[in-house]
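Shown next: my_file.csv, given as CSV, C-alpha atoms.
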```csv
chain,number,residue,atom,x,y,z
T,1,MET,CA,-61.9,-62.6,26.4
T,2,TRP,CA,-65.3,-61.1,25.8
T,3,ARG,CA,-66.9,-64.5,25.6
T,4,ARG,CA,-65.5,-65.3,29.1
T,5,ALA,CA,-65.7,-61.9,30.8
T,6,GLY,CA,-68.4,-60.1,28.9
T,7,ARG,CA,-68.3,-57.5,26.1
T,8,GLY,CA,-66.0,-54.6,27.0
T,9,HIS,CA,-64.3,-56.5,29.9
T,10,GLY,CA,-60.7,-57.5,29.9
T,11,VAL,CA,-60.0,-55.3,26.9
T,12,SER,CA,-62.1,-52.2,26.2
T,13,GLY,CA,-63.9,-51.5,22.9
T,14,TRP,CA,-61.7,-48.5,22.0
T,15,ARG,CA,-58.6,-50.7,22.3
T,16,VAL,CA,-60.1,-53.3,19.9
T,17,GLY,CA,-60.9,-50.4,17.6
T,18,ALA,CA,-57.3,-49.2,17.8
T,19,GLY,CA,-56.0,-52.7,17.0
T,20,ALA,CA,-58.4,-53.0,14.0
T,21,ALA,CA,-57.2,-49.6,12.7
T,22,ALA,CA,-53.6,-50.7,13.1
T,23,VAL,CA,-54.3,-53.9,11.0
T,24,LEU,CA,-56.0,-51.8,8.4
T,25,ILE,CA,-53.0,-49.4,8.2
T,26,LEU,CA,-50.6,-52.4,7.8
T,27,ILE,CA,-52.8,-53.8,5.0
T,28,VAL,CA,-52.6,-50.5,3.2
T,29,ALA,CA,-48.8,-50.3,3.7
T,30,LEU,CA,-47.9,-53.8,2.8
T,31,LEU,CA,-50.7,-55.5,0.8
T,32,SER,CA,-52.3,-52.7,-1.2
T,33,PRO,CA,-51.2,-51.3,-4.5
T,34,LEU,CA,-49.0,-48.9,-2.5
T,35,ASP,CA,-46.5,-51.8,-2.0
T,36,ALA,CA,-46.1,-52.4,-5.7
T,37,LEU,CA,-45.8,-48.7,-6.4
T,38,ALA,CA,-43.0,-48.5,-3.8
T,39,ASP,CA,-40.9,-50.7,-6.1
T,40,ASP,CA,-41.0,-47.9,-8.7
T,41,LEU,CA,-41.1,-44.7,-6.6
T,42,PHE,CA,-39.1,-43.8,-3.6
T,43,SER,CA,-41.8,-41.3,-2.6
T,44,ALA,CA,-44.3,-44.2,-2.4
T,45,HIS,CA,-41.8,-46.2,-0.4
T,46,MET,CA,-41.4,-43.3,2.0
T,47,VAL,CA,-45.2,-43.3,2.6
T,48,GLN,CA,-44.9,-47.0,3.5
T,49,HIS,CA,-42.1,-46.1,5.9
T,50,LEU,CA,-44.1,-43.4,7.7
T,51,LEU,CA,-47.1,-45.7,8.0
T,52,LEU,CA,-44.9,-48.3,9.7
T,53,LEU,CA,-43.1,-45.7,11.9
T,54,LEU,CA,-45.8,-43.2,12.9
T,55,ILE,CA,-49.3,-44.5,12.3
T,56,ALA,CA,-49.6,-48.2,12.9
T,57,PRO,CA,-47.2,-48.5,15.9
T,58,PRO,CA,-49.1,-46.1,18.2
T,59,LEU,CA,-52.4,-47.8,17.3
T,60,LEU,CA,-50.8,-51.1,18.1
T,61,VAL,CA,-49.6,-49.8,21.5
T,62,ALA,CA,-53.1,-48.6,22.2
T,63,ALA,CA,-54.5,-52.0,21.5
T,64,ALA,CA,-52.4,-53.6,24.3
T,65,PRO,CA,-51.3,-56.6,22.2
T,66,GLU,CA,-49.1,-58.0,24.9
T,67,TYR,CA,-52.0,-58.5,27.3
T,68,VAL,CA,-54.5,-59.6,24.7
T,69,GLY,CA,-51.9,-62.0,23.3
T,70,LEU,CA,-51.1,-63.4,26.7
T,71,TRP,CA,-54.8,-64.0,27.6
T,72,GLY,CA,-55.3,-65.5,24.1
T,73,LEU,CA,-53.0,-68.4,24.9
T,74,SER,CA,-54.3,-71.6,26.4
T,75,VAL,CA,-54.2,-71.8,30.2
T,76,PRO,CA,-51.3,-74.3,30.3
T,77,ALA,CA,-49.3,-72.2,27.8
T,78,ARG,CA,-49.9,-69.1,29.8
T,79,GLN,CA,-48.9,-70.7,33.0
T,80,ARG,CA,-45.7,-72.1,31.5
T,81,LEU,CA,-44.8,-68.7,30.1
T,82,THR,CA,-45.5,-67.0,33.4
T,83,ARG,CA,-43.4,-69.5,35.4
T,84,TRP,CA,-40.5,-69.1,32.9
T,85,TRP,CA,-40.6,-65.3,33.2
T,86,ARG,CA,-40.8,-65.4,37.0
T,87,HIS,CA,-37.8,-67.7,37.2
T,88,SER,CA,-35.6,-66.0,34.6
T,89,PRO,CA,-34.0,-63.0,36.3
T,90,ARG,CA,-31.4,-62.7,33.5
T,91,ALA,CA,-34.1,-62.4,30.9
T,92,ARG,CA,-36.0,-59.8,33.0
T,93,SER,CA,-32.8,-57.9,33.6
T,94,ALA,CA,-31.9,-57.9,29.9
T,95,VAL,CA,-35.4,-56.7,28.8
T,96,SER,CA,-35.3,-54.0,31.5
T,97,ARG,CA,-32.0,-52.7,30.3
T,98,ALA,CA,-33.0,-52.8,26.6
T,99,LEU,CA,-36.4,-51.1,27.2
T,100,ARG,CA,-35.0,-47.8,28.5
T,101,PRO,CA,-35.3,-44.5,26.7
T,102,GLY,CA,-31.7,-44.3,25.6
T,103,PRO,CA,-31.4,-47.7,23.9
T,104,VAL,CA,-34.9,-47.6,22.4
T,105,TRP,CA,-34.3,-44.1,21.0
T,106,ALA,CA,-30.9,-45.0,19.7
T,107,ALA,CA,-32.2,-48.2,18.0
T,108,ASN,CA,-35.0,-46.2,16.3
T,109,VAL,CA,-32.6,-43.5,15.0
T,110,ALA,CA,-30.0,-46.1,13.9
T,111,ILE,CA,-32.7,-48.1,12.0
T,112,LEU,CA,-34.1,-45.0,10.3
T,113,TRP,CA,-30.7,-43.9,9.0
T,114,PHE,CA,-29.4,-47.3,8.2
T,115,TRP,CA,-32.2,-48.2,5.9
T,116,HIS,CA,-31.9,-45.0,4.0
T,117,LEU,CA,-28.3,-45.5,3.2
T,118,PRO,CA,-28.0,-46.1,-0.6
T,119,THR,CA,-26.6,-49.6,-0.3
T,120,ALA,CA,-29.1,-50.8,2.3
T,121,TYR,CA,-32.1,-49.2,0.5
T,122,ASP,CA,-31.2,-50.6,-2.9
T,123,ALA,CA,-30.8,-54.0,-1.4
T,124,ALA,CA,-34.2,-53.8,0.2
T,125,VAL,CA,-35.9,-52.9,-3.0
T,126,ARG,CA,-34.1,-55.6,-5.0
T,127,HIS,CA,-34.4,-58.5,-2.6
T,128,GLN,CA,-37.8,-59.4,-1.0
T,129,VAL,CA,-36.3,-61.0,2.1
T,130,VAL,CA,-34.2,-57.8,2.8
T,131,HIS,CA,-37.4,-55.7,2.1
T,132,ALA,CA,-39.3,-57.7,4.7
T,133,LEU,CA,-36.5,-57.3,7.2
T,134,GLU,CA,-36.5,-53.6,6.6
T,135,HIS,CA,-40.3,-53.3,7.2
T,136,ALA,CA,-40.2,-55.6,10.3
T,137,SER,CA,-37.3,-53.6,11.9
T,138,PHE,CA,-39.2,-50.3,11.3
T,139,LEU,CA,-42.4,-51.7,12.8
T,140,ILE,CA,-40.9,-53.4,15.8
T,141,ALA,CA,-38.5,-50.6,16.8
T,142,ALA,CA,-41.3,-48.0,16.4
T,143,PHE,CA,-43.7,-50.1,18.5
T,144,PHE,CA,-41.3,-50.1,21.4
T,145,PHE,CA,-40.6,-46.4,20.9
T,146,TRP,CA,-44.2,-45.5,21.4
T,147,TRP,CA,-44.9,-48.2,24.0
T,148,LEU,CA,-42.2,-46.9,26.2
T,149,LEU,CA,-43.6,-43.4,25.9
T,150,PHE,CA,-47.3,-44.1,26.4
T,151,ARG,CA,-47.7,-47.3,28.4
T,152,HIS,CA,-44.5,-48.9,29.8
T,153,GLY,CA,-46.3,-51.7,31.6
T,154,ALA,CA,-49.3,-51.8,33.8
T,155,ARG,CA,-47.5,-51.5,37.1
T,156,ARG,CA,-44.9,-48.9,36.1
T,157,ARG,CA,-45.4,-45.2,35.6
T,158,GLN,CA,-45.3,-43.8,32.2
T,159,MET,CA,-42.2,-41.9,31.1
T,160,ASP,CA,-41.9,-38.6,32.8
T,161,ARG,CA,-43.3,-35.9,30.4
T,162,GLY,CA,-40.2,-33.8,30.5
T,163,VAL,CA,-38.1,-36.8,29.5
T,164,GLY,CA,-40.7,-37.8,26.9
T,165,LEU,CA,-40.6,-34.3,25.4
T,166,VAL,CA,-36.8,-34.6,24.8
T,167,TYR,CA,-37.2,-38.2,23.6
T,168,VAL,CA,-39.8,-37.4,21.0
T,169,PHE,CA,-38.5,-34.0,19.9
T,170,THR,CA,-35.0,-35.2,19.3
T,171,ALA,CA,-36.3,-38.3,17.3
T,172,GLY,CA,-38.3,-35.8,15.2
T,173,LEU,CA,-35.2,-33.8,14.6
T,174,GLN,CA,-33.5,-36.9,13.2
T,175,CYS,CA,-36.4,-37.6,10.9
T,176,SER,CA,-36.6,-34.0,9.7
T,177,ALA,CA,-32.9,-33.8,9.2
T,178,LEU,CA,-32.9,-36.9,7.0
T,179,GLY,CA,-35.9,-35.6,5.1
T,180,ALA,CA,-34.1,-32.3,4.5
T,181,LEU,CA,-31.0,-34.0,3.2
T,182,LEU,CA,-33.1,-36.0,0.8
T,183,ALA,CA,-35.1,-33.0,-0.4
T,184,LEU,CA,-32.2,-30.7,-0.9
T,185,ALA,CA,-29.7,-33.2,-2.4
T,186,GLY,CA,-28.3,-32.1,-5.8
T,187,SER,CA,-28.3,-35.7,-7.2
T,188,PRO,CA,-30.4,-38.9,-6.6
T,189,TRP,CA,-29.0,-41.3,-4.0
T,190,TYR,CA,-30.6,-44.5,-5.1
T,191,ALA,CA,-29.5,-46.4,-8.2
T,192,VAL,CA,-32.4,-48.8,-7.9
T,193,HIS,CA,-34.9,-46.0,-9.1
T,194,ALA,CA,-32.7,-44.7,-11.9
T,195,HIS,CA,-35.0,-46.2,-14.5
T,196,THR,CA,-38.3,-46.7,-12.7
T,197,THR,CA,-39.6,-43.2,-12.2
T,198,ALA,CA,-40.0,-42.1,-15.8
T,199,ALA,CA,-43.2,-44.1,-16.3
T,200,TRP,CA,-44.7,-41.9,-13.6
T,201,GLY,CA,-43.5,-38.6,-15.2
T,202,LEU,CA,-40.8,-38.0,-12.6
T,203,THR,CA,-37.0,-37.9,-12.7
T,204,PRO,CA,-35.2,-39.9,-10.0
T,205,LEU,CA,-34.2,-36.6,-8.3
T,206,GLU,CA,-37.8,-35.2,-8.3
T,207,ASP,CA,-39.0,-38.5,-6.9
T,208,GLN,CA,-36.4,-38.2,-4.1
T,209,GLN,CA,-37.2,-34.6,-3.4
T,210,ILE,CA,-40.9,-35.5,-3.0
T,211,ALA,CA,-39.9,-38.3,-0.6
T,212,GLY,CA,-37.7,-36.0,1.4
T,213,LEU,CA,-40.5,-33.4,1.7
T,214,ILE,CA,-42.9,-36.2,2.9
T,215,MET,CA,-40.4,-37.2,5.6
T,216,TRP,CA,-39.4,-33.6,6.4
T,217,ILE,CA,-42.8,-31.9,6.8
T,218,PRO,CA,-45.7,-34.3,7.5
T,219,ALA,CA,-43.6,-36.7,9.5
T,220,GLY,CA,-41.9,-33.9,11.3
T,221,LEU,CA,-45.3,-32.4,12.2
T,222,VAL,CA,-46.4,-35.6,13.8
T,223,TYR,CA,-43.4,-35.6,16.1
T,224,LEU,CA,-43.9,-31.9,16.8
T,225,LEU,CA,-47.6,-32.4,17.7
T,226,VAL,CA,-46.8,-35.2,20.1
T,227,ALA,CA,-44.0,-33.1,21.6
T,228,ALA,CA,-46.4,-30.1,22.0
T,229,VAL,CA,-48.9,-32.3,23.9
T,230,LEU,CA,-46.1,-33.6,26.1
T,231,PHE,CA,-44.9,-30.0,26.7
T,232,VAL,CA,-48.4,-29.0,27.9
T,233,GLN,CA,-48.6,-32.0,30.2
T,234,TRP,CA,-45.2,-31.4,31.5
T,235,ILE,CA,-46.1,-27.8,32.4
T,236,GLU,CA,-49.3,-29.0,34.1
T,237,GLN,CA,-47.7,-31.7,36.1
T,238,PRO,CA,-47.1,-29.6,39.3
T,239,THR,CA,-50.7,-28.4,39.2
T,240,ARG,CA,-52.0,-32.0,38.9
T,241,ARG,CA,-49.8,-33.2,41.7
T,242,GLY,CA,-51.1,-30.3,43.9
T,243,ALA,CA,-54.7,-31.2,43.0
T,244,MET,CA,-54.2,-34.8,43.9
T,245,ARG,CA,-53.2,-33.8,47.5
T,246,PRO,CA,-55.9,-31.4,48.7
T,247,GLY,CA,-54.9,-32.2,52.3
T,248,VAL,CA,-51.6,-30.4,51.8
T,249,GLY,CA,-53.4,-27.2,50.8
T,250,ARG,CA,-55.7,-27.4,53.8
T,251,MET,CA,-52.8,-27.9,56.1
T,252,ILE,CA,-50.9,-24.9,54.7
T,253,SER,CA,-54.0,-22.8,54.9
T,254,SER,CA,-54.6,-23.7,58.5
T,255,ARG,CA,-51.0,-23.0,59.4
T,256,SER,CA,-51.2,-19.6,57.7
T,257,SER,CA,-54.4,-18.8,59.6
T,258,SER,CA,-52.8,-19.6,63.0
T,259,ALA,CA,-49.6,-17.8,62.2
T,260,TYR,CA,-51.3,-14.7,60.9
T,261,PRO,CA,-54.5,-13.9,62.8
T,262,ARG,CA,-57.1,-11.9,61.0
```

For the structure just supplied, provide its representation as C-alpha cells.
Amino acid sequence: MWRRAGRGHGVSGWRVGAGAAAVLILIVALLSPLDALADDLFSAHMVQHLLLLLIAPPLLVAAAPEYVGLWGLSVPARQRLTRWWRHSPRARSAVSRALRPGPVWAANVAILWFWHLPTAYDAAVRHQVVHALEHASFLIAAFFFWWLLFRHGARRRQMDRGVGLVYVFTAGLQCSALGALLALAGSPWYAVHAHTTAAWGLTPLEDQQIAGLIMWIPAGLVYLLVAAVLFVQWIEQPTRRGAMRPGVGRMISSRSSSAYPR
C-alpha cells in the first residue's frame, strides 16, 4: 500500500506499529519458552490466555487487518470478493446479526468458561490440536469483542459509550469471578498438572491459586481501566454533542435576548 500510495497513506504508521506489536505479543504467547512452560504450570498457561484475550486482540483491532488484508489482495481477487459480498444478502445479514453486542459478549464469556472447565482444559494440554483450537477461539472471539467496541466498521458509528461500559464491565466481572473461584478453591481442578508443578517448587493448588490471582487482579484491572475510560466518555457525550452544534447555542442565546430585554 505504501509503495503505491506513499508512506503513511492507506494505513497510518501507528496502525502498522500496533500490528507489529500484536505479532510480537503472539510470538511471546505461542512461540517463546512461555508456551513450553504452560505445559507444566497452569499459571503460565493463564498468562498465555490473558495475552490472547486482552493484549494482542486490541492491538490487532488497531491495526485494521480487514482493510489491510483486503487491499493486500490482487485486484481480480479483491473485485471477486467485493462482488460476492454485494450480492450475498444472506451472508451480510448473518454477519450483521452475529456481530452485535449480545452475541459477541455471550460468545466471549462462553469460550472463557468452557476452556477452564477441567475436562476441556485437560484435553487442551494433552492434545496439541485441541490446544491450538483453544488458543484460536480465544484470539478470534476477543478480536471481535474489541473490534465491536472500538471500530465497528468505517461507515458505522462505534458502540454507544453507555452500552460499551456495560459490555466491558460485565465481561470483566465474568473474568474476575472465574479468577476468584480458581484462587479460593480448596483443591486443584486440573488433573493434568498433578505431577508437573513440583519441578518448579509449587503444589498443584498453589499453581492454581497464582493463576486465579493473575486472572482476578491484573486481568480485572484491564477491564476496569477500559470501563473507566468509557464512563468518562459517556459522561462527556452530551458536552461534546453540544460543542459540535454551536449554532444551537447562538439560537438559544438570541431567543433569550429577545424574550428578556436587558

Go through T:Ala191, T:Leu133, T:Val163, T:Ala185 one by one, measure the shortest atom-to-atom distance of each to Leu230 of chain T using all atoms listed in the file, and give the residue with the smallest value.
-> T:Val163

Considering all atoms listed in the file, state which residue in the set T:Ala64, T:Ala22, T:Leu50, T:Ala219 is at the smallest distance from Phe150 of chain T.
->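 Using all atoms listed in the file, Phe150 of chain T sits closest to T:Ala64.
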
Of the candidates T:His49, T:Arg80, T:Arg86, T:Arg97, which one gets nearest to His135 of chain T if we count all atoms listed in the file?
->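 Using all atoms listed in the file, His135 of chain T sits closest to T:His49.
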
Where does segment 147-186 of chain T meet segment 206-217 of chain T within 12 Å, residue by residue, with the nearest atom pair and distance in Å to one decimal for each, counting all atoms listed in the file, listed by chain and rising number, as CSV?
```
residue,atom,partner,partner_atom,distance
T:Gly172,CA,T:Trp216,CA,9.1
T:Leu173,CA,T:Trp216,CA,9.2
T:Gln174,CA,T:Trp216,CA,9.6
T:Cys175,CA,T:Met215,CA,6.7
T:Ser176,CA,T:Trp216,CA,4.3
T:Ala177,CA,T:Trp216,CA,7.1
T:Leu178,CA,T:Trp216,CA,7.3
T:Gly179,CA,T:Gly212,CA,4.1
T:Ala180,CA,T:Trp216,CA,5.8
T:Leu181,CA,T:Gly212,CA,7.2
T:Leu182,CA,T:Gly212,CA,4.6
T:Ala183,CA,T:Gln209,CA,4.0
T:Leu184,CA,T:Gln209,CA,6.8
T:Ala185,CA,T:Gln209,CA,7.7
T:Gly186,CA,T:Gln209,CA,9.6
```

Just give me the gap between atom CA of Leu73 of chain T and atom CA of Ser137 of chain T in Å, one decimal is fine.
->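 Computing the Euclidean distance for atom CA of Leu73 of chain T and atom CA of Ser137 of chain T yields 25.2 Å.
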
Shell around Leu51 of chain T at 8 Å using all atoms listed in the file, local window under 6 positions removed, as a PDB file with C-alpha atoms, keeping the file's coordinate frame:
```pdb
ATOM      1  CA  ILE T  25     -53.000 -49.400   8.200  1.00  0.00           C
ATOM      2  CA  LEU T  26     -50.600 -52.400   7.800  1.00  0.00           C
ATOM      3  CA  ALA T  29     -48.800 -50.300   3.700  1.00  0.00           C
TER       4      ALA T  29
END
```

Need a file for segment 105-121 of chain T from that block: N, CA and C atoms, written as a PDB file, in the first residue's frame.
```
ATOM      1  N   TRP T 105     -20.617 -10.728  23.130  1.00  0.00           N
ATOM      2  CA  TRP T 105     -20.346 -10.823  24.573  1.00  0.00           C
ATOM      3  C   TRP T 105     -20.570 -12.246  25.058  1.00  0.00           C
ATOM      4  N   ALA T 106     -21.684 -12.842  24.670  1.00  0.00           N
ATOM      5  CA  ALA T 106     -22.003 -14.201  25.117  1.00  0.00           C
ATOM      6  C   ALA T 106     -20.972 -15.206  24.623  1.00  0.00           C
ATOM      7  N   ALA T 107     -20.507 -15.042  23.379  1.00  0.00           N
ATOM      8  CA  ALA T 107     -19.505 -15.958  22.847  1.00  0.00           C
ATOM      9  C   ALA T 107     -18.206 -15.868  23.628  1.00  0.00           C
ATOM     10  N   ASN T 108     -17.785 -14.649  23.959  1.00  0.00           N
ATOM     11  CA  ASN T 108     -16.558 -14.481  24.727  1.00  0.00           C
ATOM     12  C   ASN T 108     -16.662 -15.111  26.106  1.00  0.00           C
ATOM     13  N   VAL T 109     -17.769 -14.878  26.773  1.00  0.00           N
ATOM     14  CA  VAL T 109     -17.946 -15.426  28.120  1.00  0.00           C
ATOM     15  C   VAL T 109     -18.032 -16.950  28.068  1.00  0.00           C
ATOM     16  N   ALA T 110     -18.771 -17.482  27.094  1.00  0.00           N
ATOM     17  CA  ALA T 110     -18.901 -18.934  26.976  1.00  0.00           C
ATOM     18  C   ALA T 110     -17.555 -19.590  26.704  1.00  0.00           C
ATOM     19  N   ILE T 111     -16.763 -19.004  25.807  1.00  0.00           N
ATOM     20  CA  ILE T 111     -15.440 -19.559  25.493  1.00  0.00           C
ATOM     21  C   ILE T 111     -14.528 -19.496  26.711  1.00  0.00           C
ATOM     22  N   LEU T 112     -14.573 -18.380  27.430  1.00  0.00           N
ATOM     23  CA  LEU T 112     -13.745 -18.244  28.631  1.00  0.00           C
ATOM     24  C   LEU T 112     -14.047 -19.335  29.649  1.00  0.00           C
ATOM     25  N   TRP T 113     -15.320 -19.538  29.957  1.00  0.00           N
ATOM     26  CA  TRP T 113     -15.695 -20.530  30.963  1.00  0.00           C
ATOM     27  C   TRP T 113     -15.494 -21.949  30.450  1.00  0.00           C
ATOM     28  N   PHE T 114     -15.813 -22.194  29.189  1.00  0.00           N
ATOM     29  CA  PHE T 114     -15.708 -23.549  28.660  1.00  0.00           C
ATOM     30  C   PHE T 114     -14.278 -24.070  28.752  1.00  0.00           C
ATOM     31  N   TRP T 115     -13.303 -23.279  28.316  1.00  0.00           N
ATOM     32  CA  TRP T 115     -11.929 -23.760  28.275  1.00  0.00           C
ATOM     33  C   TRP T 115     -11.285 -23.834  29.648  1.00  0.00           C
ATOM     34  N   HIS T 116     -11.975 -23.352  30.668  1.00  0.00           N
ATOM     35  CA  HIS T 116     -11.458 -23.521  32.028  1.00  0.00           C
ATOM     36  C   HIS T 116     -12.223 -24.598  32.800  1.00  0.00           C
ATOM     37  N   LEU T 117     -13.140 -25.282  32.134  1.00  0.00           N
ATOM     38  CA  LEU T 117     -13.705 -26.487  32.732  1.00  0.00           C
ATOM     39  C   LEU T 117     -12.611 -27.552  32.787  1.00  0.00           C
ATOM     40  N   PRO T 118     -12.545 -28.330  33.861  1.00  0.00           N
ATOM     41  CA  PRO T 118     -11.451 -29.305  33.994  1.00  0.00           C
ATOM     42  C   PRO T 118     -11.296 -30.233  32.796  1.00  0.00           C
ATOM     43  N   THR T 119     -12.394 -30.779  32.269  1.00  0.00           N
ATOM     44  CA  THR T 119     -12.290 -31.717  31.147  1.00  0.00           C
ATOM     45  C   THR T 119     -11.726 -31.035  29.907  1.00  0.00           C
ATOM     46  N   ALA T 120     -12.231 -29.840  29.586  1.00  0.00           N
ATOM     47  CA  ALA T 120     -11.778 -29.130  28.390  1.00  0.00           C
ATOM     48  C   ALA T 120     -10.327 -28.690  28.541  1.00  0.00           C
ATOM     49  N   TYR T 121      -9.975 -28.165  29.708  1.00  0.00           N
ATOM     50  CA  TYR T 121      -8.607 -27.693  29.910  1.00  0.00           C
ATOM     51  C   TYR T 121      -7.609 -28.847  29.840  1.00  0.00           C
TER      52      TYR T 121
END
```
